[in-house]
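One file, final22.pdb, is given below (PDB, C-alpha atoms and all ligand atoms).
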MODEL        1
ATOM      1  CA  MET A1157     102.781 130.142 109.826  1.00  0.00           C
ATOM      2  CA  ALA A1158     102.371 126.499 108.742  1.00  0.00           C
ATOM      3  CA  ASP A1159      98.894 125.564 107.526  1.00  0.00           C
ATOM      4  CA  ALA A1160      97.106 122.385 108.612  1.00  0.00           C
ATOM      5  CA  GLU A1161      98.182 120.397 105.539  1.00  0.00           C
ATOM      6  CA  ASP A1162     101.779 121.389 106.134  1.00  0.00           C
ATOM      7  CA  LEU A1163     101.568 120.206 109.763  1.00  0.00           C
ATOM      8  CA  LYS A1164     100.048 116.878 108.701  1.00  0.00           C
ATOM      9  CA  ARG A1165     102.852 116.434 106.163  1.00  0.00           C
ATOM     10  CA  ARG A1166     105.483 117.205 108.829  1.00  0.00           C
ATOM     11  CA  ALA A1167     104.010 114.616 111.207  1.00  0.00           C
ATOM     12  CA  ALA A1168     103.969 112.077 108.370  1.00  0.00           C
ATOM     13  CA  ALA A1169     107.586 112.856 107.492  1.00  0.00           C
ATOM     14  CA  ARG A1170     108.682 112.379 111.104  1.00  0.00           C
ATOM     15  CA  ALA A1171     106.857 109.043 111.350  1.00  0.00           C
ATOM     16  CA  LEU A1172     108.700 107.859 108.252  1.00  0.00           C
ATOM     17  CA  GLU A1173     111.825 107.771 110.433  1.00  0.00           C
ATOM     18  CA  TYR A1174     110.381 104.686 112.160  1.00  0.00           C
ATOM     19  CA  VAL A1175     110.177 102.807 108.857  1.00  0.00           C
ATOM     20  CA  THR A1176     113.079 100.516 108.010  1.00  0.00           C
ATOM     21  CA  ASP A1177     113.949  98.262 105.088  1.00  0.00           C
ATOM     22  CA  GLY A1178     111.874  95.086 104.834  1.00  0.00           C
ATOM     23  CA  MET A1179     108.982  96.286 106.979  1.00  0.00           C
ATOM     24  CA  ARG A1180     105.407  95.140 106.480  1.00  0.00           C
ATOM     25  CA  LEU A1181     103.364  98.299 106.954  1.00  0.00           C
ATOM     26  CA  GLY A1182      99.727  99.046 107.661  1.00  0.00           C
ATOM     27  CA  LEU A1183      98.796 102.117 105.634  1.00  0.00           C
ATOM     28  CA  GLY A1184      96.122 104.316 107.195  1.00  0.00           C
ATOM     29  CA  THR A1185      93.345 106.347 105.627  1.00  0.00           C
ATOM     30  CA  GLY A1186      92.574 110.072 105.584  1.00  0.00           C
ATOM     31  CA  SER A1187      94.283 113.324 104.743  1.00  0.00           C
ATOM     32  CA  THR A1188      97.228 112.793 107.131  1.00  0.00           C
ATOM     33  CA  ALA A1189      97.821 109.190 106.094  1.00  0.00           C
ATOM     34  CA  LYS A1190      97.690 110.382 102.490  1.00  0.00           C
ATOM     35  CA  HIS A1191     100.772 112.532 103.134  1.00  0.00           C
ATOM     36  CA  PHE A1192     102.486 109.520 104.693  1.00  0.00           C
ATOM     37  CA  VAL A1193     101.775 107.305 101.669  1.00  0.00           C
ATOM     38  CA  ALA A1194     103.058 110.019  99.306  1.00  0.00           C
ATOM     39  CA  LEU A1195     106.296 110.412 101.294  1.00  0.00           C
ATOM     40  CA  LEU A1196     106.676 106.639 101.594  1.00  0.00           C
ATOM     41  CA  ALA A1197     106.345 106.346  97.806  1.00  0.00           C
ATOM     42  CA  GLU A1198     109.267 108.754  97.391  1.00  0.00           C
ATOM     43  CA  ARG A1199     111.394 106.526  99.633  1.00  0.00           C
ATOM     44  CA  VAL A1200     110.283 103.419  97.739  1.00  0.00           C
ATOM     45  CA  ALA A1201     111.307 105.099  94.479  1.00  0.00           C
ATOM     46  CA  GLY A1202     114.683 105.673  96.126  1.00  0.00           C
ATOM     47  CA  GLY A1203     115.116 101.963  96.878  1.00  0.00           C
ATOM     48  CA  LEU A1204     113.362 101.329 100.251  1.00  0.00           C
ATOM     49  CA  LYS A1205     111.883  97.828 100.318  1.00  0.00           C
ATOM     50  CA  VAL A1206     108.543  97.626 102.119  1.00  0.00           C
ATOM     51  CA  VAL A1207     105.159  96.084 101.569  1.00  0.00           C
ATOM     52  CA  GLY A1208     101.989  97.950 102.538  1.00  0.00           C
ATOM     53  CA  VAL A1209      98.570  96.703 103.568  1.00  0.00           C
ATOM     54  CA  PRO A1210      96.053  99.477 102.862  1.00  0.00           C
ATOM     55  CA  THR A1211      93.158 100.205 105.230  1.00  0.00           C
ATOM     56  CA  SER A1212      90.770 101.415 102.511  1.00  0.00           C
ATOM     57  CA  GLU A1213      90.087 101.332  98.798  1.00  0.00           C
ATOM     58  CA  GLN A1214      91.079 105.015  98.769  1.00  0.00           C
ATOM     59  CA  THR A1215      94.533 104.329 100.218  1.00  0.00           C
ATOM     60  CA  LYS A1216      94.938 101.280  98.000  1.00  0.00           C
ATOM     61  CA  ALA A1217      94.302 103.400  94.889  1.00  0.00           C
ATOM     62  CA  GLN A1218      96.741 106.093  96.024  1.00  0.00           C
ATOM     63  CA  ALA A1219      99.490 103.607  96.925  1.00  0.00           C
ATOM     64  CA  LEU A1220      99.077 101.695  93.659  1.00  0.00           C
ATOM     65  CA  SER A1221      99.208 104.911  91.625  1.00  0.00           C
ATOM     66  CA  LEU A1222     102.473 105.878  93.358  1.00  0.00           C
ATOM     67  CA  GLY A1223     104.142 102.486  93.021  1.00  0.00           C
ATOM     68  CA  VAL A1224     104.086 101.364  96.673  1.00  0.00           C
ATOM     69  CA  PRO A1225     104.128  97.525  96.741  1.00  0.00           C
ATOM     70  CA  LEU A1226     100.929  96.214  98.342  1.00  0.00           C
ATOM     71  CA  ALA A1227      99.642  92.981  99.826  1.00  0.00           C
ATOM     72  CA  THR A1228      96.349  91.942 101.348  1.00  0.00           C
ATOM     73  CA  LEU A1229      96.109  91.285 105.067  1.00  0.00           C
ATOM     74  CA  ASP A1230      95.573  87.606 104.246  1.00  0.00           C
ATOM     75  CA  GLU A1231      98.899  87.564 102.413  1.00  0.00           C
ATOM     76  CA  GLN A1232     100.627  89.472 105.237  1.00  0.00           C
ATOM     77  CA  PRO A1233      98.656  88.729 108.419  1.00  0.00           C
ATOM     78  CA  GLU A1234     101.386  90.048 110.717  1.00  0.00           C
ATOM     79  CA  LEU A1235     102.604  93.583 110.271  1.00  0.00           C
ATOM     80  CA  ASP A1236     105.581  95.386 111.786  1.00  0.00           C
ATOM     81  CA  LEU A1237     104.080  98.841 111.968  1.00  0.00           C
ATOM     82  CA  CYS A1238     100.811 100.610 111.212  1.00  0.00           C
ATOM     83  CA  ILE A1239     100.807 104.348 110.601  1.00  0.00           C
ATOM     84  CA  ASP A1240      97.472 106.147 110.567  1.00  0.00           C
ATOM     85  CA  GLY A1241      95.778 109.435 111.411  1.00  0.00           C
ATOM     86  CA  ALA A1242      93.074 110.058 114.021  1.00  0.00           C
ATOM     87  CA  ASP A1243      90.151 112.358 114.602  1.00  0.00           C
ATOM     88  CA  GLU A1244      90.907 112.798 118.310  1.00  0.00           C
ATOM     89  CA  ILE A1245      93.791 111.671 120.515  1.00  0.00           C
ATOM     90  CA  GLY A1246      92.970 111.520 124.206  1.00  0.00           C
ATOM     91  CA  PRO A1247      94.715 110.479 127.431  1.00  0.00           C
ATOM     92  CA  GLY A1248      96.675 107.202 127.166  1.00  0.00           C
ATOM     93  CA  LEU A1249      96.637 107.620 123.370  1.00  0.00           C
ATOM     94  CA  ALA A1250      92.994 106.548 123.257  1.00  0.00           C
ATOM     95  CA  LEU A1251      91.721 107.523 119.824  1.00  0.00           C
ATOM     96  CA  ILE A1252      88.542 108.335 117.983  1.00  0.00           C
ATOM     97  CA  LYS A1253      88.857 107.249 114.357  1.00  0.00           C
ATOM     98  CA  GLY A1254      86.484 106.778 111.451  1.00  0.00           C
ATOM     99  CA  GLY A1255      85.757 110.322 110.351  1.00  0.00           C
ATOM    100  CA  GLY A1256      86.565 109.093 106.861  1.00  0.00           C
ATOM    101  CA  GLY A1257      84.553 105.913 107.328  1.00  0.00           C
ATOM    102  CA  ALA A1258      87.500 103.499 107.306  1.00  0.00           C
ATOM    103  CA  LEU A1259      87.469 102.521 111.002  1.00  0.00           C
ATOM    104  CA  LEU A1260      86.713  98.809 110.527  1.00  0.00           C
ATOM    105  CA  ARG A1261      89.603  97.941 108.232  1.00  0.00           C
ATOM    106  CA  GLU A1262      91.781 100.415 110.144  1.00  0.00           C
ATOM    107  CA  LYS A1263      91.148  98.628 113.431  1.00  0.00           C
ATOM    108  CA  ILE A1264      91.745  95.179 111.911  1.00  0.00           C
ATOM    109  CA  VAL A1265      95.011  96.338 110.334  1.00  0.00           C
ATOM    110  CA  ALA A1266      96.196  98.191 113.465  1.00  0.00           C
ATOM    111  CA  SER A1267      95.436  95.083 115.551  1.00  0.00           C
ATOM    112  CA  ALA A1268      97.560  92.968 113.189  1.00  0.00           C
ATOM    113  CA  ALA A1269     100.558  95.262 113.668  1.00  0.00           C
ATOM    114  CA  ARG A1270     103.191  94.961 116.381  1.00  0.00           C
ATOM    115  CA  GLU A1271     103.027  98.727 116.759  1.00  0.00           C
ATOM    116  CA  MET A1272     100.708 101.547 115.758  1.00  0.00           C
ATOM    117  CA  ILE A1273     101.908 105.110 115.363  1.00  0.00           C
ATOM    118  CA  VAL A1274      99.292 107.813 115.038  1.00  0.00           C
ATOM    119  CA  ILE A1275     100.167 110.945 113.077  1.00  0.00           C
ATOM    120  CA  ALA A1276      98.307 114.234 113.363  1.00  0.00           C
ATOM    121  CA  ASP A1277      98.479 117.943 113.702  1.00  0.00           C
ATOM    122  CA  GLU A1278      98.399 118.850 117.380  1.00  0.00           C
ATOM    123  CA  THR A1279      94.824 120.190 117.288  1.00  0.00           C
ATOM    124  CA  LYS A1280      93.720 116.527 117.427  1.00  0.00           C
ATOM    125  CA  LEU A1281      95.075 116.200 120.979  1.00  0.00           C
ATOM    126  CA  VAL A1282      92.268 116.550 123.556  1.00  0.00           C
ATOM    127  CA  GLY A1283      91.885 116.231 127.328  1.00  0.00           C
ATOM    128  CA  THR A1284      88.642 114.250 126.983  1.00  0.00           C
ATOM    129  CA  LEU A1285      87.448 112.369 123.902  1.00  0.00           C
ATOM    130  CA  GLY A1286      84.041 113.040 122.432  1.00  0.00           C
ATOM    131  CA  VAL A1287      83.768 116.456 120.835  1.00  0.00           C
ATOM    132  CA  PHE A1288      84.352 114.633 117.548  1.00  0.00           C
ATOM    133  CA  PRO A1289      81.297 112.408 116.941  1.00  0.00           C
ATOM    134  CA  LEU A1290      82.044 108.730 117.574  1.00  0.00           C
ATOM    135  CA  PRO A1291      81.544 106.693 114.375  1.00  0.00           C
ATOM    136  CA  ILE A1292      79.825 103.328 114.861  1.00  0.00           C
ATOM    137  CA  GLU A1293      79.695 100.934 111.903  1.00  0.00           C
ATOM    138  CA  ILE A1294      76.500  98.878 111.779  1.00  0.00           C
ATOM    139  CA  VAL A1295      75.006  96.409 109.301  1.00  0.00           C
ATOM    140  CA  THR A1296      72.332  97.664 106.904  1.00  0.00           C
ATOM    141  CA  PHE A1297      69.704  95.246 108.257  1.00  0.00           C
ATOM    142  CA  GLY A1298      67.607  96.877 110.974  1.00  0.00           C
ATOM    143  CA  VAL A1299      69.314 100.269 111.085  1.00  0.00           C
ATOM    144  CA  VAL A1300      66.475 101.952 113.002  1.00  0.00           C
ATOM    145  CA  ALA A1301      66.245  99.186 115.616  1.00  0.00           C
ATOM    146  CA  THR A1302      70.023  99.028 116.038  1.00  0.00           C
ATOM    147  CA  THR A1303      70.240 102.802 116.425  1.00  0.00           C
ATOM    148  CA  ARG A1304      67.567 102.741 119.163  1.00  0.00           C
ATOM    149  CA  ARG A1305      69.385  99.974 121.017  1.00  0.00           C
ATOM    150  CA  LEU A1306      72.590 101.949 120.687  1.00  0.00           C
ATOM    151  CA  GLU A1307      70.948 105.050 122.192  1.00  0.00           C
ATOM    152  CA  SER A1308      69.895 103.046 125.241  1.00  0.00           C
ATOM    153  CA  ALA A1309      73.295 101.342 125.589  1.00  0.00           C
ATOM    154  CA  ILE A1310      75.148 104.637 125.299  1.00  0.00           C
ATOM    155  CA  ALA A1311      72.889 106.264 127.921  1.00  0.00           C
ATOM    156  CA  ALA A1312      73.411 103.300 130.264  1.00  0.00           C
ATOM    157  CA  ALA A1313      77.173 103.769 129.854  1.00  0.00           C
ATOM    158  CA  GLY A1314      76.850 107.314 131.203  1.00  0.00           C
ATOM    159  CA  CYS A1315      76.973 109.255 127.918  1.00  0.00           C
ATOM    160  CA  ALA A1316      74.288 111.319 126.261  1.00  0.00           C
ATOM    161  CA  GLY A1317      73.789 112.729 122.816  1.00  0.00           C
ATOM    162  CA  GLU A1318      72.256 112.370 119.411  1.00  0.00           C
ATOM    163  CA  LEU A1319      72.895 109.536 116.991  1.00  0.00           C
ATOM    164  CA  ARG A1320      72.782 110.337 113.279  1.00  0.00           C
ATOM    165  CA  LEU A1321      73.073 108.031 110.298  1.00  0.00           C
ATOM    166  CA  ARG A1322      75.924 109.349 108.152  1.00  0.00           C
ATOM    167  CA  HIS A1323      75.022 110.513 104.654  1.00  0.00           C
ATOM    168  CA  THR A1324      77.060 111.413 101.600  1.00  0.00           C
ATOM    169  CA  LYS A1325      76.910 114.916 100.104  1.00  0.00           C
ATOM    170  CA  ASP A1326      74.181 113.794  97.691  1.00  0.00           C
ATOM    171  CA  GLY A1327      71.966 112.649 100.555  1.00  0.00           C
ATOM    172  CA  LYS A1328      72.446 108.876 100.319  1.00  0.00           C
ATOM    173  CA  PRO A1329      73.519 106.785 103.325  1.00  0.00           C
ATOM    174  CA  PHE A1330      77.315 106.550 103.449  1.00  0.00           C
ATOM    175  CA  VAL A1331      78.372 102.960 102.706  1.00  0.00           C
ATOM    176  CA  THR A1332      81.722 101.682 103.976  1.00  0.00           C
ATOM    177  CA  ASP A1333      84.246  99.579 102.057  1.00  0.00           C
ATOM    178  CA  GLN A1334      82.708  96.560 103.817  1.00  0.00           C
ATOM    179  CA  GLY A1335      79.168  97.446 102.689  1.00  0.00           C
ATOM    180  CA  ASN A1336      77.929  98.650 106.080  1.00  0.00           C
ATOM    181  CA  VAL A1337      76.623 102.069 107.207  1.00  0.00           C
ATOM    182  CA  ILE A1338      77.818 104.435 109.931  1.00  0.00           C
ATOM    183  CA  VAL A1339      75.959 106.055 112.792  1.00  0.00           C
ATOM    184  CA  ASP A1340      77.775 109.057 114.291  1.00  0.00           C
ATOM    185  CA  ALA A1341      77.249 109.483 118.036  1.00  0.00           C
ATOM    186  CA  HIS A1342      77.404 113.185 118.946  1.00  0.00           C
ATOM    187  CA  LEU A1343      78.292 112.870 122.626  1.00  0.00           C
ATOM    188  CA  GLY A1344      80.284 115.987 123.495  1.00  0.00           C
ATOM    189  CA  GLN A1345      82.394 114.087 125.986  1.00  0.00           C
ATOM    190  CA  ILE A1346      83.238 110.479 126.755  1.00  0.00           C
ATOM    191  CA  ALA A1347      84.199 110.278 130.415  1.00  0.00           C
ATOM    192  CA  ASP A1348      84.916 106.523 130.368  1.00  0.00           C
ATOM    193  CA  PRO A1349      85.878 105.293 126.866  1.00  0.00           C
ATOM    194  CA  ARG A1350      86.298 101.641 127.947  1.00  0.00           C
ATOM    195  CA  ARG A1351      82.858 101.522 129.510  1.00  0.00           C
ATOM    196  CA  LEU A1352      81.324 103.068 126.400  1.00  0.00           C
ATOM    197  CA  ALA A1353      83.226 100.700 124.089  1.00  0.00           C
ATOM    198  CA  ARG A1354      81.967  97.659 125.993  1.00  0.00           C
ATOM    199  CA  ALA A1355      78.381  98.930 125.926  1.00  0.00           C
ATOM    200  CA  VAL A1356      78.446  99.639 122.180  1.00  0.00           C
ATOM    201  CA  GLU A1357      80.027  96.257 121.401  1.00  0.00           C
ATOM    202  CA  GLU A1358      77.138  94.459 123.121  1.00  0.00           C
ATOM    203  CA  VAL A1359      74.504  95.821 120.725  1.00  0.00           C
ATOM    204  CA  ALA A1360      73.492  93.349 118.012  1.00  0.00           C
ATOM    205  CA  GLY A1361      74.095  94.788 114.562  1.00  0.00           C
ATOM    206  CA  VAL A1362      77.202  96.730 115.564  1.00  0.00           C
ATOM    207  CA  VAL A1363      80.210  95.701 113.510  1.00  0.00           C
ATOM    208  CA  GLU A1364      82.824  98.026 115.040  1.00  0.00           C
ATOM    209  CA  HIS A1365      83.231 101.456 116.597  1.00  0.00           C
ATOM    210  CA  GLY A1366      85.818 104.183 116.261  1.00  0.00           C
ATOM    211  CA  LEU A1367      87.252 103.999 119.789  1.00  0.00           C
ATOM    212  CA  PHE A1368      90.813 102.683 119.434  1.00  0.00           C
ATOM    213  CA  LEU A1369      91.882 101.827 122.975  1.00  0.00           C
ATOM    214  CA  GLY A1370      95.289 100.377 123.827  1.00  0.00           C
ATOM    215  CA  LEU A1371      96.323 100.229 120.177  1.00  0.00           C
ATOM    216  CA  ALA A1372      98.499 103.294 119.539  1.00  0.00           C
ATOM    217  CA  ARG A1373     101.936 103.224 121.129  1.00  0.00           C
ATOM    218  CA  ARG A1374     103.178 106.551 119.797  1.00  0.00           C
ATOM    219  CA  ALA A1375     101.617 109.769 118.571  1.00  0.00           C
ATOM    220  CA  VAL A1376     103.643 112.052 116.342  1.00  0.00           C
ATOM    221  CA  LEU A1377     102.091 115.483 116.630  1.00  0.00           C
ATOM    222  CA  ALA A1378     103.047 118.489 114.539  1.00  0.00           C
ATOM    223  CA  GLY A1379     102.413 122.010 115.778  1.00  0.00           C
ATOM    224  CA  ALA A1380     103.598 125.537 115.158  1.00  0.00           C
ATOM    225  CA  ASP A1381     106.443 124.955 117.642  1.00  0.00           C
ATOM    226  CA  GLY A1382     107.654 121.732 116.045  1.00  0.00           C
ATOM    227  CA  ILE A1383     107.105 117.992 116.439  1.00  0.00           C
ATOM    228  CA  ARG A1384     106.211 116.203 119.683  1.00  0.00           C
ATOM    229  CA  VAL A1385     106.280 112.432 120.111  1.00  0.00           C
ATOM    230  CA  LEU A1386     104.019 111.074 122.854  1.00  0.00           C
ATOM    231  CA  GLU A1387     104.503 107.493 123.975  1.00  0.00           C
ATOM    232  CA  ASP A1388     102.277 105.015 125.772  1.00  0.00           C
ATOM    233  CA  GLN A1389     104.188 101.909 126.782  1.00  0.00           C
ATOM    234  CA  THR A1390     101.033 100.104 127.867  1.00  0.00           C
ATOM    235  CA  ALA A1391      99.763  99.801 124.289  1.00  0.00           C
ATOM    236  CA  ALA A1392      99.571  96.301 122.819  1.00  0.00           C
TER     237      ALA A1392
HETATM  238  O1  LIG A1401      88.199 106.843 108.659  1.00  0.00           O
HETATM  239  C1  LIG A1401      89.100 107.645 108.665  1.00  0.00           C
HETATM  240  C2  LIG A1401      90.251 107.587 109.545  1.00  0.00           C
HETATM  241  O2  LIG A1401      89.974 107.096 110.816  1.00  0.00           O
HETATM  242  C3  LIG A1401      91.174 108.793 109.609  1.00  0.00           C
HETATM  243  O3  LIG A1401      92.394 108.337 110.102  1.00  0.00           O
HETATM  244  C4  LIG A1401      90.712 109.891 110.498  1.00  0.00           C
HETATM  245  O4  LIG A1401      89.414 110.271 110.119  1.00  0.00           O
HETATM  246  C5  LIG A1401      91.672 111.099 110.429  1.00  0.00           C
HETATM  247  O5  LIG A1401      91.638 111.637 109.167  1.00  0.00           O
HETATM  248  P1  LIG A1401      92.433 112.975 108.809  1.00  0.00           P
HETATM  249  O6  LIG A1401      93.879 112.652 108.821  1.00  0.00           O
HETATM  250  O7  LIG A1401      91.930 113.327 107.423  1.00  0.00           O
HETATM  251  O8  LIG A1401      92.048 114.015 109.809  1.00  0.00           O
ENDMDL
END

Translate this file's structure into structure tokens.
Ligand SMILES: O=C[C@H](O)[C@H](O)[C@H](O)COP(=O)(O)O
Amino acid sequence: MADAEDLKRRAAARALEYVTDGMRLGLGTGSTAKHFVALLAERVAGGLKVVGVPTSEQTKAQALSLGVPLATLDEQPELDLCIDGADEIGPGLALIKGGGGALLREKIVASAAREMIVIADETKLVGTLGVFPLPIEIVTFGVVATTRRLESAIAAAGCAGELRLRHTKDGKPFVTDQGNVIVDAHLGQIADPRRLARAVEEVAGVVEHGLFLGLARRAVLAGADGIRVLEDQTAA
């Protein structure tokens, strides 16, 4: 039976079929996106001409080490395709992202792309979002006050749960590539993702959250029985 890494690699390989010569690509972050970048590098070595815009310092380092040509988003502000992983994929291809802390740059890059394809093993597909804690990126000024305001806003949006500041393994607050911190909202379920997104966005100090709504057009999911491609034509 295929292990999880093998399934992630298969989803990444299938998504590579959507990449054509000359494309400007958003390169996602995380263990699944890492497989995609590695497979893309093989194609680049074979002559494929693309330019990638990485969504994190981690992906940038990997792509550079493998010889994938890169640009900044300022150099390439319009992208053809963004390929990235997700922590949960819900109805309408609504996503929770940011388990690896890269949600802010990921959302900016995905928004700059004409199309986003999410790649994952099929365990990421859920009926209702929210078992995976929702990452919320906030500025370092006033973390306690912002977290309290977030608790109230989240409750008013019909969700309940505990908010925890994310820490690294050595006990320090996790700092994002943009110098912010992340609060993980352990909600269990998110009945109305749009309502929650609006409520979170209204809290001062919030930079971005990990709900990606209306962004992904396709999900390439790998499971023991093969690959499934889900499509949502309503995505931007
Ligand atoms: O910040 C991290 C990203 O949103 C990842 O795309 C997400 O956490 C999925 O990562 P993985 O492919 O490792 O499960």

Would you write out, as a list in words, every residue that the PyMOL selection byres (((chain A and resi 1288-1297) around 7) and not hetatm) captures in this file?
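With the PyMOL selection byres (((chain A and resi 1288-1297) around 7) and not hetatm) on this model, the match is Asp1243, Glu1244, Ile1252, Gly1254, Gly1255, Gly1286, Val1287, Gly1298, Val1299, Asn1336, Val1337, Ile1338, Val1339, Asp1340, Ala1341, His1342, Leu1343, Gly1361, Val1362, Val1363, Glu1364, His1365 and Gly1366 of chain A.
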
Using the chain letters and numbers from the file, which residues does the PyMOL selection byres (((not hetatm)) within 7 of (chain A and resi 1401)) grab, as a ChimeraX atom specification?
/A:1184-1189,1240-1243,1253-1259,1262,1276

Would you write out those residues with C-alpha atoms, as an mmCIF file, in the coordinates of the input?
data_model
loop_
_atom_site.group_PDB
_atom_site.id
_atom_site.type_symbol
_atom_site.label_atom_id
_atom_site.label_comp_id
_atom_site.auth_asym_id
_atom_site.auth_seq_id
_atom_site.Cartn_x
_atom_site.Cartn_y
_atom_site.Cartn_z
ATOM 1 C CA GLY A 1184 96.122 104.316 107.195
ATOM 2 C CA THR A 1185 93.345 106.347 105.627
ATOM 3 C CA GLY A 1186 92.574 110.072 105.584
ATOM 4 C CA SER A 1187 94.283 113.324 104.743
ATOM 5 C CA THR A 1188 97.228 112.793 107.131
ATOM 6 C CA ALA A 1189 97.821 109.190 106.094
ATOM 7 C CA ASP A 1240 97.472 106.147 110.567
ATOM 8 C CA GLY A 1241 95.778 109.435 111.411
ATOM 9 C CA ALA A 1242 93.074 110.058 114.021
ATOM 10 C CA ASP A 1243 90.151 112.358 114.602
ATOM 11 C CA LYS A 1253 88.857 107.249 114.357
ATOM 12 C CA GLY A 1254 86.484 106.778 111.451
ATOM 13 C CA GLY A 1255 85.757 110.322 110.351
ATOM 14 C CA GLY A 1256 86.565 109.093 106.861
ATOM 15 C CA GLY A 1257 84.553 105.913 107.328
ATOM 16 C CA ALA A 1258 87.500 103.499 107.306
ATOM 17 C CA LEU A 1259 87.469 102.521 111.002
ATOM 18 C CA GLU A 1262 91.781 100.415 110.144
ATOM 19 C CA ALA A 1276 98.307 114.234 113.363
#

In terms of all atoms listed in the file, the residue from A:Leu1260, A:Ala1217, A:Val1200, A:Ala1312 at minimal distance from Asp1333 in chain A is A:Leu1260

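Picture a line from CA of Ile1264 in chain A to CA of Leu1229 in chain A; it runs 9.0 Å.
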
If I take CA of Thr1176 in chain A and CA of Asp1381 in chain A, how far is one from the other in Å, to one decimal?
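Spanning CA of Thr1176 in chain A to CA of Asp1381 in chain A is a straight-line distance of 27.1 Å.
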
Residue with the minimum atom-to-atom distance to Phe1192 in chain A, picked from A:Val1207, A:Ala1355, A:Ala1168, A:Leu1321 with only C-alpha atoms counted, is A:Ala1168

Pick the closest to Val1265 in chain A from A:Val1300, A:Ala1311, A:Leu1183, A:Val1193: which is it, counting all atoms listed in the file?
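Distance minimum relative to Val1265 in chain A lands on A:Leu1183.
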
Which is closer to Ala1169 in chain A than all the others in A:Val1385, A:Gly1182, A:His1191, A:Asp1326, using all atoms listed in the file?
A:His1191

Please enumerate the residues selected by the PyMOL selection byres (((chain A and resi 1246) around 12) and not hetatm) when evaluated against the supplied file, formatted as a compact mmCIF listing (two decimals) with C-alpha atoms, in the frame of the given file.
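Once written, expr_23.txt looks like this:
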# COMPACT_ATOMS: atom_id res chain seq x y z
CA ALA A 1242 93.07 110.06 114.02
CA ASP A 1243 90.15 112.36 114.60
CA GLU A 1244 90.91 112.80 118.31
CA ILE A 1245 93.79 111.67 120.52
CA PRO A 1247 94.72 110.48 127.43
CA GLY A 1248 96.68 107.20 127.17
CA LEU A 1249 96.64 107.62 123.37
CA ALA A 1250 92.99 106.55 123.26
CA LEU A 1251 91.72 107.52 119.82
CA ILE A 1252 88.54 108.34 117.98
CA LYS A 1253 88.86 107.25 114.36
CA VAL A 1274 99.29 107.81 115.04
CA GLU A 1278 98.40 118.85 117.38
CA THR A 1279 94.82 120.19 117.29
CA LYS A 1280 93.72 116.53 117.43
CA LEU A 1281 95.08 116.20 120.98
CA VAL A 1282 92.27 116.55 123.56
CA GLY A 1283 91.88 116.23 127.33
CA THR A 1284 88.64 114.25 126.98
CA LEU A 1285 87.45 112.37 123.90
CA GLY A 1286 84.04 113.04 122.43
CA VAL A 1287 83.77 116.46 120.84
CA PHE A 1288 84.35 114.63 117.55
CA GLN A 1345 82.39 114.09 125.99
CA ILE A 1346 83.24 110.48 126.76
CA ALA A 1347 84.20 110.28 130.42
CA ASP A 1348 84.92 106.52 130.37
CA PRO A 1349 85.88 105.29 126.87
CA LEU A 1367 87.25 104.00 119.79
CA PHE A 1368 90.81 102.68 119.43
CA LEU A 1369 91.88 101.83 122.98
CA GLY A 1370 95.29 100.38 123.83
CA ALA A 1372 98.50 103.29 119.54
CA ALA A 1375 101.62 109.77 118.57
CA LEU A 1386 104.02 111.07 122.85
CA ASP A 1388 102.28 105.02 125.77

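Going from CA of Leu1196 in chain A to CA of Lys1164 in chain A covers 14.1 Å.
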
N, CA and C atoms are what I want for range 1212-1222 of chain A; can you complete it accordingly and write them as a compact mmCIF listing (two decimals), in the coordinates of the input?
# COMPACT_ATOMS: atom_id res chain seq x y z
N SER A 1212 91.97 101.00 103.26
CA SER A 1212 90.77 101.42 102.51
C SER A 1212 91.04 101.31 101.02
N GLU A 1213 89.96 101.32 100.26
CA GLU A 1213 90.09 101.33 98.80
C GLU A 1213 90.77 102.62 98.35
N GLN A 1214 90.48 103.71 99.08
CA GLN A 1214 91.08 105.02 98.77
C GLN A 1214 92.60 104.96 98.90
N THR A 1215 93.08 104.43 100.01
CA THR A 1215 94.53 104.33 100.22
C THR A 1215 95.15 103.34 99.24
N LYS A 1216 94.44 102.27 98.96
CA LYS A 1216 94.94 101.28 98.00
C LYS A 1216 95.16 101.95 96.64
N ALA A 1217 94.18 102.74 96.19
CA ALA A 1217 94.30 103.40 94.89
C ALA A 1217 95.48 104.38 94.88
N GLN A 1218 95.63 105.13 95.96
CA GLN A 1218 96.74 106.09 96.02
C GLN A 1218 98.09 105.36 95.99
N ALA A 1219 98.22 104.33 96.83
CA ALA A 1219 99.49 103.61 96.92
C ALA A 1219 99.84 102.94 95.59
N LEU A 1220 98.83 102.34 94.95
CA LEU A 1220 99.08 101.70 93.66
C LEU A 1220 99.53 102.71 92.62
N SER A 1221 98.87 103.89 92.63
CA SER A 1221 99.21 104.91 91.62
C SER A 1221 100.63 105.45 91.83
N LEU A 1222 101.14 105.34 93.06
CA LEU A 1222 102.47 105.88 93.36
C LEU A 1222 103.55 104.79 93.39
